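Q: Here it is, the structure in full.
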Amino acid sequence: MSNEKERLSLRVSPVTSYRLHTAYKKSGCRSMNELAEKAIGFYLDYLEASNAGDFLPTALKSYIDGRLGKLEERLSSLSFRQSVEVDMIAGILADGLQFSEEDLRRRRAESVNNVKRTNGRISLEKYARGTWEDEDEWQD
């Protein structure tokens with residue numbers, strides 16, 4: 001692509017003209033032409049990215065990706081540690097108690113229903129007191 005530029009005729013409203021002149025002074029551009037070209041390029045990039053469903057500026061997208069990456073790492077680490085603890089508890093219970101296949105199926109179905117009903121907010125204290133059947137108690 002050559003450095004030769006093409007002349008375009010452009011008509012804008014007085015308000016837009018004022019905004020361009022004001023932005024030109026603040027933008028650090030060397031000419032109104034440079035500002036207009038940058039503005040048009042920015043908008044064209046936006047349109048192209050919008051078609052792809054990806055319209056965030058690169059810097060913002062990079063920052064968000066970095067923060068989400070750190071959050072993912074922390075959640076993965078927490079989830080792994082919690083899974084290890086649950087596995088230890090399950091192993092201890094399995095070693096100490098003998099469950100039939102039917103007991104395990106029934107217990108799993110009850111647990112799935114309890115977790116769904118309470119949105120995962122299960123309290124050992126309420127469960128031990130037998131208040132787990134009262135759904136309002138889970139919402140504390």
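Residues in the structure tokens are numbered from 1 in each chain, the chains being A, B, ... in the order shown, and ligands are numbered from 1 in the order shown.
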DSSP says helix (DSSP H, G or I) for which residues of chain A? Put them as a ChimeraX atom specification?
A: /A:14-27,32-51,58-96,101-118,124-129,131-133,135-138
Q: Which residues of region 78-101 of chain A have any atom within 12 Å of an atom in region 106-116 of chain A when counting only C-alpha atoms, and what is the closest pair of atoms for each, with the distance in Å to one decimal? Order the rows by chain and rising number and write it as JSON lines.
A:
{"residue": "A:Phe99", "atom": "CA", "partner": "A:Arg107", "partner_atom": "CA", "distance": 10.0}
{"residue": "A:Ser100", "atom": "CA", "partner": "A:Arg106", "partner_atom": "CA", "distance": 10.0}
{"residue": "A:Glu101", "atom": "CA", "partner": "A:Arg106", "partner_atom": "CA", "distance": 8.7}
Q: Could you please take those selected residues and save N, CA and C atoms as a short mmCIF file (atom, residue, chain, number, x, y, z; two decimals), in the first residue's frame?
A:
data_model
loop_
_atom_site.label_atom_id
_atom_site.label_comp_id
_atom_site.auth_asym_id
_atom_site.auth_seq_id
_atom_site.Cartn_x
_atom_site.Cartn_y
_atom_site.Cartn_z
N PHE A 99 -21.73 -49.62 52.70
CA PHE A 99 -22.99 -49.23 52.09
C PHE A 99 -23.30 -50.17 50.93
N SER A 100 -24.58 -50.49 50.79
CA SER A 100 -25.00 -51.28 49.63
C SER A 100 -25.13 -50.34 48.43
N GLU A 101 -25.20 -50.90 47.25
CA GLU A 101 -25.38 -50.10 46.04
C GLU A 101 -26.68 -49.31 46.12
#
Q: List the spatial neighbours of region 22-38 of chain A as an mmCIF file with all heavy atoms, in the first residue's frame - criterion: any atom at most 12 Å away, only C-alpha atoms, same-chain residues fewer than 5 positions off excluded.
A:
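This is the output file selection_23.cif:
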data_model
loop_
_atom_site.group_PDB
_atom_site.id
_atom_site.type_symbol
_atom_site.label_atom_id
_atom_site.label_comp_id
_atom_site.auth_asym_id
_atom_site.auth_seq_id
_atom_site.Cartn_x
_atom_site.Cartn_y
_atom_site.Cartn_z
ATOM 1 N N LYS A 5 -2.394 9.472 -0.662
ATOM 2 C CA LYS A 5 -3.711 9.559 -0.036
ATOM 3 C C LYS A 5 -4.743 10.013 -1.049
ATOM 4 O O LYS A 5 -4.448 10.759 -1.981
ATOM 5 C CB LYS A 5 -3.679 10.510 1.150
ATOM 6 C CG LYS A 5 -2.709 10.031 2.216
ATOM 7 C CD LYS A 5 -2.995 10.646 3.527
ATOM 8 C CE LYS A 5 -2.022 10.067 4.528
ATOM 9 N NZ LYS A 5 -2.490 10.159 5.850
ATOM 10 N N GLU A 6 -5.957 9.582 -0.830
ATOM 11 C CA GLU A 6 -7.063 9.932 -1.706
ATOM 12 C C GLU A 6 -7.881 11.039 -1.052
ATOM 13 O O GLU A 6 -8.144 11.009 0.143
ATOM 14 C CB GLU A 6 -7.942 8.688 -1.906
ATOM 15 C CG GLU A 6 -9.050 8.878 -2.889
ATOM 16 C CD GLU A 6 -9.815 7.579 -3.122
ATOM 17 O OE1 GLU A 6 -9.199 6.496 -3.061
ATOM 18 O OE2 GLU A 6 -11.028 7.672 -3.347
ATOM 19 N N ARG A 7 -8.286 11.998 -1.831
ATOM 20 C CA ARG A 7 -9.071 13.119 -1.316
ATOM 21 C C ARG A 7 -10.542 12.695 -1.278
ATOM 22 O O ARG A 7 -11.082 12.191 -2.248
ATOM 23 C CB ARG A 7 -8.899 14.335 -2.198
ATOM 24 C CG ARG A 7 -9.681 15.537 -1.703
ATOM 25 C CD ARG A 7 -9.403 16.757 -2.558
ATOM 26 N NE ARG A 7 -8.052 17.242 -2.410
ATOM 27 C CZ ARG A 7 -7.654 18.108 -1.478
ATOM 28 N NH1 ARG A 7 -8.511 18.557 -0.597
ATOM 29 N NH2 ARG A 7 -6.405 18.523 -1.429
ATOM 30 N N LEU A 8 -11.187 12.930 -0.130
ATOM 31 C CA LEU A 8 -12.615 12.664 0.022
ATOM 32 C C LEU A 8 -13.321 13.954 0.385
ATOM 33 O O LEU A 8 -12.797 14.784 1.127
ATOM 34 C CB LEU A 8 -12.870 11.656 1.149
ATOM 35 C CG LEU A 8 -12.329 10.244 0.972
ATOM 36 C CD1 LEU A 8 -12.619 9.410 2.209
ATOM 37 C CD2 LEU A 8 -12.960 9.587 -0.242
ATOM 38 N N SER A 9 -14.512 14.117 -0.146
ATOM 39 C CA SER A 9 -15.328 15.265 0.212
ATOM 40 C C SER A 9 -16.191 14.846 1.395
ATOM 41 O O SER A 9 -16.789 13.772 1.398
ATOM 42 C CB SER A 9 -16.209 15.655 -0.980
ATOM 43 O OG SER A 9 -17.058 16.709 -0.607
ATOM 44 N N LEU A 10 -16.255 15.720 2.401
ATOM 45 C CA LEU A 10 -16.988 15.357 3.615
ATOM 46 C C LEU A 10 -17.791 16.551 4.084
ATOM 47 O O LEU A 10 -17.265 17.656 4.223
ATOM 48 C CB LEU A 10 -15.988 14.927 4.701
ATOM 49 C CG LEU A 10 -16.534 14.550 6.053
ATOM 50 C CD1 LEU A 10 -17.367 13.277 5.963
ATOM 51 C CD2 LEU A 10 -15.395 14.352 7.033
ATOM 52 N N VAL A 12 -20.250 17.793 7.238
ATOM 53 C CA VAL A 12 -20.676 17.463 8.600
ATOM 54 C C VAL A 12 -21.511 18.611 9.144
ATOM 55 O O VAL A 12 -21.423 19.753 8.673
ATOM 56 C CB VAL A 12 -19.469 17.196 9.530
ATOM 57 C CG1 VAL A 12 -18.702 15.965 9.082
ATOM 58 C CG2 VAL A 12 -18.572 18.391 9.628
ATOM 59 N N VAL A 15 -22.340 21.103 14.646
ATOM 60 C CA VAL A 15 -21.996 20.500 15.945
ATOM 61 C C VAL A 15 -20.824 19.538 15.788
ATOM 62 O O VAL A 15 -19.865 19.561 16.568
ATOM 63 C CB VAL A 15 -23.228 19.784 16.570
ATOM 64 C CG1 VAL A 15 -22.829 19.011 17.802
ATOM 65 C CG2 VAL A 15 -24.325 20.778 16.879
ATOM 66 N N THR A 16 -20.879 18.701 14.752
ATOM 67 C CA THR A 16 -19.792 17.758 14.511
ATOM 68 C C THR A 16 -18.502 18.497 14.181
ATOM 69 O O THR A 16 -17.421 18.133 14.637
ATOM 70 C CB THR A 16 -20.155 16.778 13.378
ATOM 71 O OG1 THR A 16 -21.358 16.098 13.732
ATOM 72 C CG2 THR A 16 -19.060 15.763 13.140
ATOM 73 N N SER A 17 -18.622 19.559 13.397
ATOM 74 C CA SER A 17 -17.448 20.361 13.061
ATOM 75 C C SER A 17 -16.819 20.944 14.323
ATOM 76 O O SER A 17 -15.593 20.905 14.499
ATOM 77 C CB SER A 17 -17.848 21.486 12.101
ATOM 78 O OG SER A 17 -16.745 22.298 11.821
ATOM 79 N N TYR A 43 -13.493 3.796 14.016
ATOM 80 C CA TYR A 43 -14.873 3.360 13.816
ATOM 81 C C TYR A 43 -14.943 2.143 12.886
ATOM 82 O O TYR A 43 -15.714 1.211 13.128
ATOM 83 C CB TYR A 43 -15.729 4.502 13.268
ATOM 84 C CG TYR A 43 -17.189 4.127 13.203
ATOM 85 C CD1 TYR A 43 -17.910 3.881 14.372
ATOM 86 C CD2 TYR A 43 -17.846 3.998 11.989
ATOM 87 C CE1 TYR A 43 -19.249 3.521 14.321
ATOM 88 C CE2 TYR A 43 -19.180 3.641 11.926
ATOM 89 C CZ TYR A 43 -19.881 3.405 13.094
ATOM 90 O OH TYR A 43 -21.204 3.038 13.042
ATOM 91 N N LEU A 44 -14.121 2.118 11.860
ATOM 92 C CA LEU A 44 -14.104 0.959 10.956
ATOM 93 C C LEU A 44 -13.633 -0.300 11.697
ATOM 94 O O LEU A 44 -14.173 -1.393 11.492
ATOM 95 C CB LEU A 44 -13.228 1.238 9.736
ATOM 96 C CG LEU A 44 -13.772 2.299 8.765
ATOM 97 C CD1 LEU A 44 -12.753 2.593 7.677
ATOM 98 C CD2 LEU A 44 -15.106 1.866 8.181
ATOM 99 N N ASP A 45 -12.613 -0.137 12.556
ATOM 100 C CA ASP A 45 -12.172 -1.271 13.378
ATOM 101 C C ASP A 45 -13.306 -1.760 14.269
ATOM 102 O O ASP A 45 -13.517 -2.958 14.445
ATOM 103 C CB ASP A 45 -10.968 -0.894 14.251
ATOM 104 C CG ASP A 45 -9.693 -0.717 13.447
ATOM 105 O OD1 ASP A 45 -9.659 -1.168 12.273
ATOM 106 O OD2 ASP A 45 -8.735 -0.125 13.990
#
Q: Could you please determine the separation between CA of Tyr46 (chain A) and CA of Thr58 (chain A) in Å, to one decimal place?
A: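 Separation of CA of Tyr46 (chain A) and CA of Thr58 (chain A): 11.2 Å.
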Q: What is the distance between CA of Lys126 (chain A) and CA of Ser76 (chain A), in Å to one decimal?
A: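 For CA of Lys126 (chain A) relative to CA of Ser76 (chain A), the distance reads 28.4 Å.
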